[in-house]
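To keep things clear, I will list the structure first and then write my remarks on it.
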Amino acid sequence: MYVQRAMLSGIIRSALTKNRGLWLPSQVMVRTMSSSSGPTSPYTTLSISRPTERVTHVELHRPEKRNAMNKAFWSEMVDCFNEIAADPECRVVVVSGAGKIFTAGIDLMDMASNLLQPEGDDTARVSWNLRKTITKYQETFSVIEKETVSCSLFTLICAGVDLITACDIRLCTQDAWFQIKEVDIGIAADVGTLHRLPKVIGSRSLVNELALTARKMYADEAKSSGLVSRVFADKETMMAGALEMAGEIAARSPVAVQGTKINLVYARDHSVAEGLDYIATWNMSMLQTQDVMKSAQAAMERKSPKTVAFSKL
């Protein structure tokens with residue numbers, strides 16, 4: 001999918017935390033949302049920072065290439081979100097792009113050898129290797145949905161739509177536009193757009209139109225169709241709104257946020273009866289948490305959830 005100009009969206013996502021910290025030392029993590037710092041070791045396409053407590057900022061950082069997704073990006077995103085999922089200090093992730101464009105999608109020049117010249121001695125072996133490549137790229141965006149909990153925002157191109165549809169909350173600027181570009185380059189989108197977008201928008205007709213014609217969808221239509229939930233005047237106000245939203249999510253019980261996200265995704269892909277059964281099984285253990293009593297006490301005292309000190313996961 002394409003998204004052009006000063007439209008930056010971010011991605012806000014609550015992280016499924018485990019037992020180890022993010023690879024980056026805290027003094028490096030605590031930085032601003034600025035895109036001037038460049039990629040962060042060990043990554044060459046991403047810049048990682050912690051703009052506020054419990055919020056991690058992942059910035060696509062190849063502005064000179066319009067943040068096009070090269071070979072390194074596809075593996076670095078997986079490594080990055082796996083690390084975030086293991087960070088007990090992180091509860092929400094904001095994803096954005098450096099510069100004026102969130103992403104120009106697939107870097108065709110860099111990816112050509114993988115996509116157009118796969119290894120193999122015959123059709124079967126070429127096909128097998130190509131399938132392995134496709135499934136590897138699918139994991140790049142699926143890891144966001146599987147390893148993190150809660151919301152997202154942005155603008156993009158080509159594979160960019162694959163990325164945002166794997167997120168929970170999407171925001172954009174007024175001058176943003178989105179485009180499913182794959183048919184224009186002779187392929188069918190294969191890393192998420194055709195499978196997640198119908199569940200995001202809810203109109204099969206509109207999804208078919210966008211995918212088959214490669215026409216641009218502008219911000220107003222994106223909001224009315226449900227692709228994004230809010231439209232901002234410019235990048236600065238959008239990022240401020242994203243951080244405010246991230247703060248609201250991070251202030252809630254991480255047990256409650258994780259359970260809500262996981263069950264929303266499960267409900268999307270299953271029947272109501274199956275979803276009810278799943279959440280009953282989920283909550284028979286998750287209700288056994290001090291977070292419930294702490295939240296109830298704060299509510300009775302008319303205090304904000306932000307005043308409650310919830311334990312790390």
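Lettering and numbering for the structure tokens are positional, with chains as A, B, ... in the shown order, residues counted from 1 in each chain, and ligands counted from 1 in the shown order.
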Problem - DSSP strand (DSSP E or B) residues within range 170-247 of chain A, listed as a PyMOL selection string - result: chain A and resi 171-173+177-179+216-218+230-232
Could you write those residues out with C-alpha atoms, as an mmCIF file, in the first residue's frame?
data_model
loop_
_atom_site.group_PDB
_atom_site.id
_atom_site.type_symbol
_atom_site.label_atom_id
_atom_site.label_comp_id
_atom_site.auth_asym_id
_atom_site.auth_seq_id
_atom_site.Cartn_x
_atom_site.Cartn_y
_atom_site.Cartn_z
ATOM 1 C CA LEU A 171 -4.042 7.260 12.755
ATOM 2 C CA CYS A 172 -2.959 9.451 9.856
ATOM 3 C CA THR A 173 -2.562 13.066 8.787
ATOM 4 C CA TRP A 177 -3.128 8.547 1.103
ATOM 5 C CA PHE A 178 -3.105 4.769 0.898
ATOM 6 C CA GLN A 179 -2.691 2.500 -2.096
ATOM 7 C CA LYS A 216 -5.441 5.852 -3.952
ATOM 8 C CA MET A 217 -7.581 6.148 -0.832
ATOM 9 C CA TYR A 218 -7.264 9.538 0.825
ATOM 10 C CA ARG A 230 -8.611 9.594 13.619
ATOM 11 C CA VAL A 231 -7.200 12.130 11.146
ATOM 12 C CA PHE A 232 -4.841 14.892 12.295
#
Would you give me, as a tab-separated table (two decimals) with N, CA and C atoms, in the first residue's frame, the residues in range 103-295 of chain A that DSSP reads as helix (DSSP H, G or I)?
chain	number	residue	atom	x	y	z
A	108	LEU	N	12.02	-2.56	-4.36
A	108	LEU	CA	12.09	-3.51	-5.46
A	108	LEU	C	13.51	-3.73	-5.96
A	109	MET	N	14.31	-2.68	-5.95
A	109	MET	CA	15.68	-2.81	-6.44
A	109	MET	C	16.48	-3.74	-5.52
A	110	ASP	N	16.31	-3.60	-4.23
A	110	ASP	CA	17.05	-4.41	-3.28
A	110	ASP	C	16.50	-5.83	-3.19
A	111	MET	N	15.20	-5.99	-3.40
A	111	MET	CA	14.54	-7.27	-3.21
A	111	MET	C	14.45	-8.11	-4.48
A	112	ALA	N	14.85	-7.56	-5.61
A	112	ALA	CA	14.65	-8.22	-6.90
A	112	ALA	C	15.23	-9.63	-6.95
A	113	SER	N	16.42	-9.80	-6.42
A	113	SER	CA	17.05	-11.12	-6.50
A	113	SER	C	16.27	-12.17	-5.70
A	114	ASN	N	15.73	-11.77	-4.57
A	114	ASN	CA	14.95	-12.71	-3.75
A	114	ASN	C	13.62	-13.08	-4.40
A	115	LEU	N	12.98	-12.08	-5.01
A	115	LEU	CA	11.63	-12.28	-5.54
A	115	LEU	C	11.63	-12.81	-6.98
A	116	LEU	N	12.58	-12.34	-7.78
A	116	LEU	CA	12.56	-12.67	-9.20
A	116	LEU	C	13.56	-13.75	-9.60
A	123	THR	N	11.52	-26.46	-11.22
A	123	THR	CA	10.34	-25.71	-10.80
A	123	THR	C	9.96	-26.01	-9.35
A	124	ALA	N	10.02	-27.26	-8.95
A	124	ALA	CA	9.66	-27.62	-7.59
A	124	ALA	C	10.56	-26.95	-6.56
A	125	ARG	N	11.86	-26.97	-6.82
A	125	ARG	CA	12.80	-26.41	-5.86
A	125	ARG	C	12.76	-24.88	-5.85
A	126	VAL	N	12.58	-24.29	-7.02
A	126	VAL	CA	12.43	-22.84	-7.08
A	126	VAL	C	11.17	-22.42	-6.31
A	127	SER	N	10.08	-23.16	-6.54
A	127	SER	CA	8.83	-22.85	-5.86
A	127	SER	C	8.96	-23.01	-4.35
A	128	TRP	N	9.63	-24.06	-3.92
A	128	TRP	CA	9.81	-24.30	-2.50
A	128	TRP	C	10.59	-23.16	-1.84
A	129	ASN	N	11.66	-22.72	-2.48
A	129	ASN	CA	12.46	-21.63	-1.93
A	129	ASN	C	11.70	-20.30	-1.95
A	130	LEU	N	10.90	-20.09	-3.01
A	130	LEU	CA	10.12	-18.87	-3.08
A	130	LEU	C	9.05	-18.85	-1.99
A	131	ARG	N	8.46	-20.01	-1.72
A	131	ARG	CA	7.46	-20.09	-0.65
A	131	ARG	C	8.09	-19.79	0.71
A	132	LYS	N	9.29	-20.27	0.94
A	132	LYS	CA	9.98	-19.99	2.20
A	132	LYS	C	10.23	-18.49	2.34
A	133	THR	N	10.57	-17.84	1.25
A	133	THR	CA	10.80	-16.40	1.28
A	133	THR	C	9.52	-15.65	1.61
A	134	ILE	N	8.42	-16.04	0.96
A	134	ILE	CA	7.14	-15.37	1.20
A	134	ILE	C	6.69	-15.53	2.64
A	135	THR	N	6.78	-16.75	3.18
A	135	THR	CA	6.34	-16.97	4.56
A	135	THR	C	7.24	-16.23	5.56
A	136	LYS	N	8.51	-16.09	5.21
A	136	LYS	CA	9.41	-15.31	6.06
A	136	LYS	C	8.96	-13.85	6.10
A	137	TYR	N	8.60	-13.30	4.95
A	137	TYR	CA	8.15	-11.91	4.90
A	137	TYR	C	6.80	-11.73	5.59
A	138	GLN	N	5.95	-12.74	5.52
A	138	GLN	CA	4.66	-12.67	6.20
A	138	GLN	C	4.86	-12.53	7.71
A	139	GLU	N	5.86	-13.22	8.24
A	139	GLU	CA	6.14	-13.18	9.67
A	139	GLU	C	6.55	-11.79	10.14
A	140	THR	N	7.12	-10.99	9.24
A	140	THR	CA	7.56	-9.64	9.59
A	140	THR	C	6.41	-8.83	10.16
A	141	PHE	N	5.21	-8.96	9.60
A	141	PHE	CA	4.07	-8.20	10.08
A	141	PHE	C	3.22	-9.00	11.06
A	142	SER	N	3.18	-10.30	10.88
A	142	SER	CA	2.41	-11.13	11.81
A	142	SER	C	2.99	-11.03	13.22
A	143	VAL	N	4.29	-10.84	13.33
A	143	VAL	CA	4.91	-10.76	14.65
A	143	VAL	C	4.38	-9.57	15.43
A	144	ILE	N	3.98	-8.51	14.74
A	144	ILE	CA	3.42	-7.34	15.42
A	144	ILE	C	2.10	-7.71	16.07
A	145	GLU	N	1.28	-8.44	15.35
A	145	GLU	CA	-0.02	-8.86	15.87
A	145	GLU	C	0.13	-9.90	16.97
A	146	LYS	N	1.09	-10.79	16.83
A	146	LYS	CA	1.24	-11.89	17.79
A	146	LYS	C	2.02	-11.48	19.03
A	147	GLU	N	3.03	-10.63	18.88
A	147	GLU	CA	3.91	-10.34	19.99
A	147	GLU	C	3.56	-9.07	20.76
A	159	ALA	N	3.87	-2.54	0.73
A	159	ALA	CA	3.81	-3.40	1.91
A	159	ALA	C	3.40	-2.63	3.14
A	160	GLY	N	3.36	-1.31	3.05
A	160	GLY	CA	2.94	-0.52	4.19
A	160	GLY	C	1.56	-0.85	4.66
A	161	VAL	N	0.63	-1.14	3.77
A	161	VAL	CA	-0.73	-1.49	4.16
A	161	VAL	C	-0.72	-2.84	4.86
A	162	ASP	N	0.12	-3.73	4.41
A	162	ASP	CA	0.26	-5.01	5.10
A	162	ASP	C	0.65	-4.77	6.54
A	163	LEU	N	1.51	-3.79	6.77
A	163	LEU	CA	2.00	-3.49	8.10
A	163	LEU	C	0.90	-2.89	8.96
A	164	ILE	N	0.21	-1.88	8.49
A	164	ILE	CA	-0.76	-1.20	9.34
A	164	ILE	C	-1.98	-2.06	9.65
A	182	GLU	N	0.21	-3.52	-5.46
A	182	GLU	CA	0.77	-4.75	-6.01
A	182	GLU	C	0.33	-5.09	-7.43
A	183	VAL	N	-0.95	-4.88	-7.77
A	183	VAL	CA	-1.39	-5.24	-9.13
A	183	VAL	C	-0.67	-4.43	-10.19
A	184	ASP	N	-0.20	-3.25	-9.82
A	184	ASP	CA	0.52	-2.41	-10.78
A	184	ASP	C	1.94	-2.92	-11.05
A	185	ILE	N	2.43	-3.79	-10.17
A	185	ILE	CA	3.77	-4.35	-10.39
A	185	ILE	C	3.70	-5.85	-10.69
A	193	THR	N	-2.25	-7.85	3.41
A	193	THR	CA	-3.29	-6.90	3.02
A	193	THR	C	-4.59	-7.59	2.59
A	194	LEU	N	-4.51	-8.57	1.72
A	194	LEU	CA	-5.72	-9.21	1.19
A	194	LEU	C	-6.45	-10.03	2.25
A	195	HIS	N	-5.77	-10.33	3.34
A	195	HIS	CA	-6.35	-11.19	4.36
A	195	HIS	C	-6.84	-10.40	5.57
A	196	ARG	N	-6.13	-9.32	5.90
A	196	ARG	CA	-6.53	-8.52	7.07
A	196	ARG	C	-7.41	-7.33	6.71
A	197	LEU	N	-7.18	-6.72	5.55
A	197	LEU	CA	-7.93	-5.51	5.20
A	197	LEU	C	-9.44	-5.74	5.16
A	198	PRO	N	-9.95	-6.87	4.63
A	198	PRO	CA	-11.40	-7.08	4.65
A	198	PRO	C	-11.97	-7.11	6.07
A	199	LYS	N	-11.17	-7.50	7.04
A	199	LYS	CA	-11.66	-7.54	8.42
A	199	LYS	C	-11.50	-6.19	9.10
A	200	VAL	N	-10.65	-5.35	8.55
A	200	VAL	CA	-10.47	-4.01	9.08
A	200	VAL	C	-11.55	-3.07	8.56
A	201	ILE	N	-11.78	-3.10	7.26
A	201	ILE	CA	-12.75	-2.20	6.64
A	201	ILE	C	-14.17	-2.74	6.74
A	204	ARG	N	-16.40	-5.74	1.62
A	204	ARG	CA	-15.71	-6.56	0.63
A	204	ARG	C	-15.63	-5.84	-0.71
A	205	SER	N	-16.68	-5.12	-1.06
A	205	SER	CA	-16.70	-4.39	-2.33
A	205	SER	C	-15.59	-3.34	-2.38
A	206	LEU	N	-15.44	-2.57	-1.31
A	206	LEU	CA	-14.41	-1.54	-1.28
A	206	LEU	C	-13.02	-2.15	-1.30
A	207	VAL	N	-12.83	-3.22	-0.54
A	207	VAL	CA	-11.52	-3.90	-0.54
A	207	VAL	C	-11.19	-4.39	-1.94
A	208	ASN	N	-12.16	-5.02	-2.61
A	208	ASN	CA	-11.93	-5.51	-3.97
A	208	ASN	C	-11.57	-4.37	-4.91
A	209	GLU	N	-12.29	-3.26	-4.79
A	209	GLU	CA	-12.02	-2.11	-5.66
A	209	GLU	C	-10.61	-1.59	-5.46
A	210	LEU	N	-10.20	-1.41	-4.20
A	210	LEU	CA	-8.87	-0.89	-3.91
A	210	LEU	C	-7.77	-1.84	-4.38
A	211	ALA	N	-7.98	-3.14	-4.15
A	211	ALA	CA	-6.96	-4.12	-4.50
A	211	ALA	C	-6.85	-4.35	-6.00
A	212	LEU	N	-7.97	-4.27	-6.71
A	212	LEU	CA	-7.97	-4.58	-8.14
A	212	LEU	C	-7.64	-3.38	-9.03
A	213	THR	N	-7.88	-2.17	-8.54
A	213	THR	CA	-7.62	-0.97	-9.35
A	213	THR	C	-6.35	-0.23	-8.94
A	219	ALA	N	-7.29	10.40	3.09
A	219	ALA	CA	-7.53	10.35	4.52
A	219	ALA	C	-9.01	10.32	4.90
A	220	ASP	N	-9.81	11.17	4.28
A	220	ASP	CA	-11.23	11.24	4.65
A	220	ASP	C	-11.93	9.91	4.39
A	221	GLU	N	-11.65	9.30	3.23
A	221	GLU	CA	-12.26	8.00	2.92
A	221	GLU	C	-11.71	6.91	3.84
A	222	ALA	N	-10.42	7.02	4.17
A	222	ALA	CA	-9.82	6.04	5.07
A	222	ALA	C	-10.51	6.07	6.43
A	223	LYS	N	-10.87	7.26	6.88
A	223	LYS	CA	-11.56	7.37	8.17
A	223	LYS	C	-13.00	6.88	8.07
A	224	SER	N	-13.70	7.28	7.03
A	224	SER	CA	-15.11	6.88	6.90
A	224	SER	C	-15.26	5.38	6.70
A	225	SER	N	-14.26	4.75	6.11
A	225	SER	CA	-14.33	3.30	5.87
A	225	SER	C	-13.84	2.49	7.06
A	235	LYS	N	1.78	16.11	11.05
A	235	LYS	CA	2.56	15.06	11.71
A	235	LYS	C	2.78	15.37	13.19
A	236	GLU	N	3.07	16.62	13.49
A	236	GLU	CA	3.35	16.99	14.88
A	236	GLU	C	2.17	16.71	15.80
A	237	THR	N	0.98	17.15	15.38
A	237	THR	CA	-0.19	16.93	16.22
A	237	THR	C	-0.57	15.45	16.26
A	238	MET	N	-0.31	14.74	15.17
A	238	MET	CA	-0.61	13.31	15.16
A	238	MET	C	0.29	12.56	16.15
A	239	MET	N	1.57	12.86	16.16
A	239	MET	CA	2.47	12.19	17.08
A	239	MET	C	2.15	12.54	18.52
A	240	ALA	N	1.73	13.78	18.75
A	240	ALA	CA	1.31	14.15	20.11
A	240	ALA	C	0.08	13.35	20.52
A	241	GLY	N	-0.86	13.20	19.59
A	241	GLY	CA	-2.04	12.41	19.86
A	241	GLY	C	-1.71	10.95	20.08
A	242	ALA	N	-0.75	10.45	19.32
A	242	ALA	CA	-0.34	9.05	19.46
A	242	ALA	C	0.28	8.80	20.83
A	243	LEU	N	1.12	9.72	21.28
A	243	LEU	CA	1.75	9.56	22.59
A	243	LEU	C	0.73	9.67	23.72
A	244	GLU	N	-0.24	10.56	23.54
A	244	GLU	CA	-1.29	10.68	24.56
A	244	GLU	C	-2.09	9.38	24.65
A	245	MET	N	-2.43	8.81	23.50
A	245	MET	CA	-3.17	7.55	23.47
A	245	MET	C	-2.32	6.43	24.06
A	246	ALA	N	-1.04	6.41	23.73
A	246	ALA	CA	-0.15	5.40	24.28
A	246	ALA	C	-0.09	5.49	25.79
A	247	GLY	N	-0.08	6.71	26.31
A	247	GLY	CA	-0.05	6.91	27.74
A	247	GLY	C	-1.30	6.38	28.42
A	248	GLU	N	-2.45	6.58	27.78
A	248	GLU	CA	-3.70	6.08	28.34
A	248	GLU	C	-3.70	4.55	28.41
A	249	ILE	N	-3.20	3.91	27.36
A	249	ILE	CA	-3.15	2.45	27.34
A	249	ILE	C	-2.15	1.93	28.37
A	250	ALA	N	-0.98	2.57	28.41
A	250	ALA	CA	0.08	2.13	29.33
A	250	ALA	C	-0.33	2.27	30.79
A	254	PRO	N	-1.66	-4.13	32.75
A	254	PRO	CA	-1.12	-4.87	31.61
A	254	PRO	C	-1.81	-6.22	31.43
A	255	VAL	N	-2.30	-6.81	32.52
A	255	VAL	CA	-3.04	-8.06	32.42
A	255	VAL	C	-4.35	-7.82	31.65
A	256	ALA	N	-5.03	-6.72	31.98
A	256	ALA	CA	-6.29	-6.40	31.32
A	256	ALA	C	-6.09	-6.04	29.85
A	257	VAL	N	-5.04	-5.27	29.56
A	257	VAL	CA	-4.78	-4.85	28.18
A	257	VAL	C	-4.42	-6.05	27.32
A	258	GLN	N	-3.55	-6.91	27.84
A	258	GLN	CA	-3.16	-8.10	27.08
A	258	GLN	C	-4.36	-8.99	26.83
A	259	GLY	N	-5.16	-9.23	27.87
A	259	GLY	CA	-6.32	-10.10	27.72
A	259	GLY	C	-7.32	-9.55	26.73
A	260	THR	N	-7.51	-8.23	26.75
A	260	THR	CA	-8.44	-7.60	25.81
A	260	THR	C	-7.96	-7.76	24.39
A	261	LYS	N	-6.67	-7.46	24.14
A	261	LYS	CA	-6.13	-7.58	22.78
A	261	LYS	C	-6.20	-9.01	22.26
A	262	ILE	N	-5.75	-9.93	23.07
A	262	ILE	CA	-5.72	-11.34	22.64
A	262	ILE	C	-7.11	-11.85	22.31
A	263	ASN	N	-8.09	-11.47	23.13
A	263	ASN	CA	-9.45	-11.95	22.90
A	263	ASN	C	-10.14	-11.21	21.75
A	264	LEU	N	-9.76	-9.97	21.49
A	264	LEU	CA	-10.28	-9.28	20.31
A	264	LEU	C	-9.81	-9.96	19.03
A	265	VAL	N	-8.54	-10.31	18.98
A	265	VAL	CA	-8.01	-11.01	17.80
A	265	VAL	C	-8.66	-12.38	17.65
A	266	TYR	N	-8.81	-13.09	18.76
A	266	TYR	CA	-9.45	-14.41	18.71
A	266	TYR	C	-10.89	-14.30	18.23
A	267	ALA	N	-11.62	-13.32	18.75
A	267	ALA	CA	-13.02	-13.13	18.36
A	267	ALA	C	-13.16	-12.79	16.89
A	268	ARG	N	-12.19	-12.05	16.36
A	268	ARG	CA	-12.21	-11.69	14.94
A	268	ARG	C	-12.19	-12.92	14.04
A	269	ASP	N	-11.49	-13.95	14.47
A	269	ASP	CA	-11.27	-15.13	13.64
A	269	ASP	C	-12.11	-16.34	14.02
A	272	VAL	N	-18.93	-16.37	17.75
A	272	VAL	CA	-19.23	-15.80	19.05
A	272	VAL	C	-19.14	-16.87	20.14
A	273	ALA	N	-19.71	-18.04	19.88
A	273	ALA	CA	-19.69	-19.12	20.87
A	273	ALA	C	-18.27	-19.53	21.20
A	274	GLU	N	-17.42	-19.64	20.17
A	274	GLU	CA	-16.02	-20.02	20.40
A	274	GLU	C	-15.30	-18.93	21.19
A	275	GLY	N	-15.60	-17.67	20.86
A	275	GLY	CA	-14.97	-16.56	21.56
A	275	GLY	C	-15.35	-16.50	23.03
A	276	LEU	N	-16.63	-16.74	23.32
A	276	LEU	CA	-17.08	-16.74	24.71
A	276	LEU	C	-16.43	-17.87	25.50
A	277	ASP	N	-16.31	-19.01	24.88
A	277	ASP	CA	-15.66	-20.14	25.55
A	277	ASP	C	-14.19	-19.83	25.82
A	278	TYR	N	-13.54	-19.21	24.86
A	278	TYR	CA	-12.12	-18.90	24.99
A	278	TYR	C	-11.88	-17.90	26.12
A	279	ILE	N	-12.70	-16.84	26.18
A	279	ILE	CA	-12.47	-15.83	27.21
A	279	ILE	C	-12.84	-16.35	28.60
A	280	ALA	N	-13.78	-17.30	28.67
A	280	ALA	CA	-14.10	-17.91	29.96
A	280	ALA	C	-12.88	-18.67	30.48
A	281	THR	N	-12.23	-19.41	29.59
A	281	THR	CA	-11.02	-20.13	29.96
A	281	THR	C	-9.89	-19.16	30.30
A	282	TRP	N	-9.78	-18.11	29.52
A	282	TRP	CA	-8.75	-17.10	29.75
A	282	TRP	C	-8.92	-16.45	31.13
A	283	ASN	N	-10.14	-15.99	31.41
A	283	ASN	CA	-10.35	-15.23	32.64
A	283	ASN	C	-10.42	-16.09	33.90
A	284	MET	N	-10.57	-17.39	33.77
A	284	MET	CA	-10.60	-18.20	34.98
A	284	MET	C	-9.25	-18.14	35.71
A	285	SER	N	-8.21	-17.79	34.98
A	285	SER	CA	-6.90	-17.57	35.62
A	285	SER	C	-6.56	-16.09	35.71
A	286	MET	N	-6.88	-15.32	34.68
A	286	MET	CA	-6.49	-13.92	34.65
A	286	MET	C	-7.26	-13.05	35.66
A	290	GLN	N	-4.22	-9.10	41.48
A	290	GLN	CA	-4.44	-7.94	42.33
A	290	GLN	C	-4.85	-6.71	41.53
A	291	ASP	N	-4.63	-6.77	40.20
A	291	ASP	CA	-4.99	-5.63	39.36
A	291	ASP	C	-6.48	-5.31	39.44
A	292	VAL	N	-7.30	-6.35	39.61
A	292	VAL	CA	-8.75	-6.13	39.70
A	292	VAL	C	-9.09	-5.31	40.94
A	293	MET	N	-8.55	-5.70	42.07
A	293	MET	CA	-8.82	-4.99	43.32
A	293	MET	C	-8.25	-3.57	43.28
A	294	LYS	N	-7.06	-3.44	42.74
A	294	LYS	CA	-6.44	-2.12	42.64
A	294	LYS	C	-7.27	-1.19	41.77
A	295	SER	N	-7.74	-1.71	40.63
A	295	SER	CA	-8.56	-0.89	39.72
A	295	SER	C	-9.89	-0.54	40.35
Handout entry: CA of Val94 in chain A to CA of His57 in chain A, distance in Å rounded to a single decimal
Key = 4.8 Å
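Those residues that approach Arg66 in chain A to within 8 Å, counting only C-alpha atoms, are Gly99, Lys100, Ile101, Phe102, Thr103 and Ala104 of chain A; same-chain residues fewer than 5 positions away are not listed.
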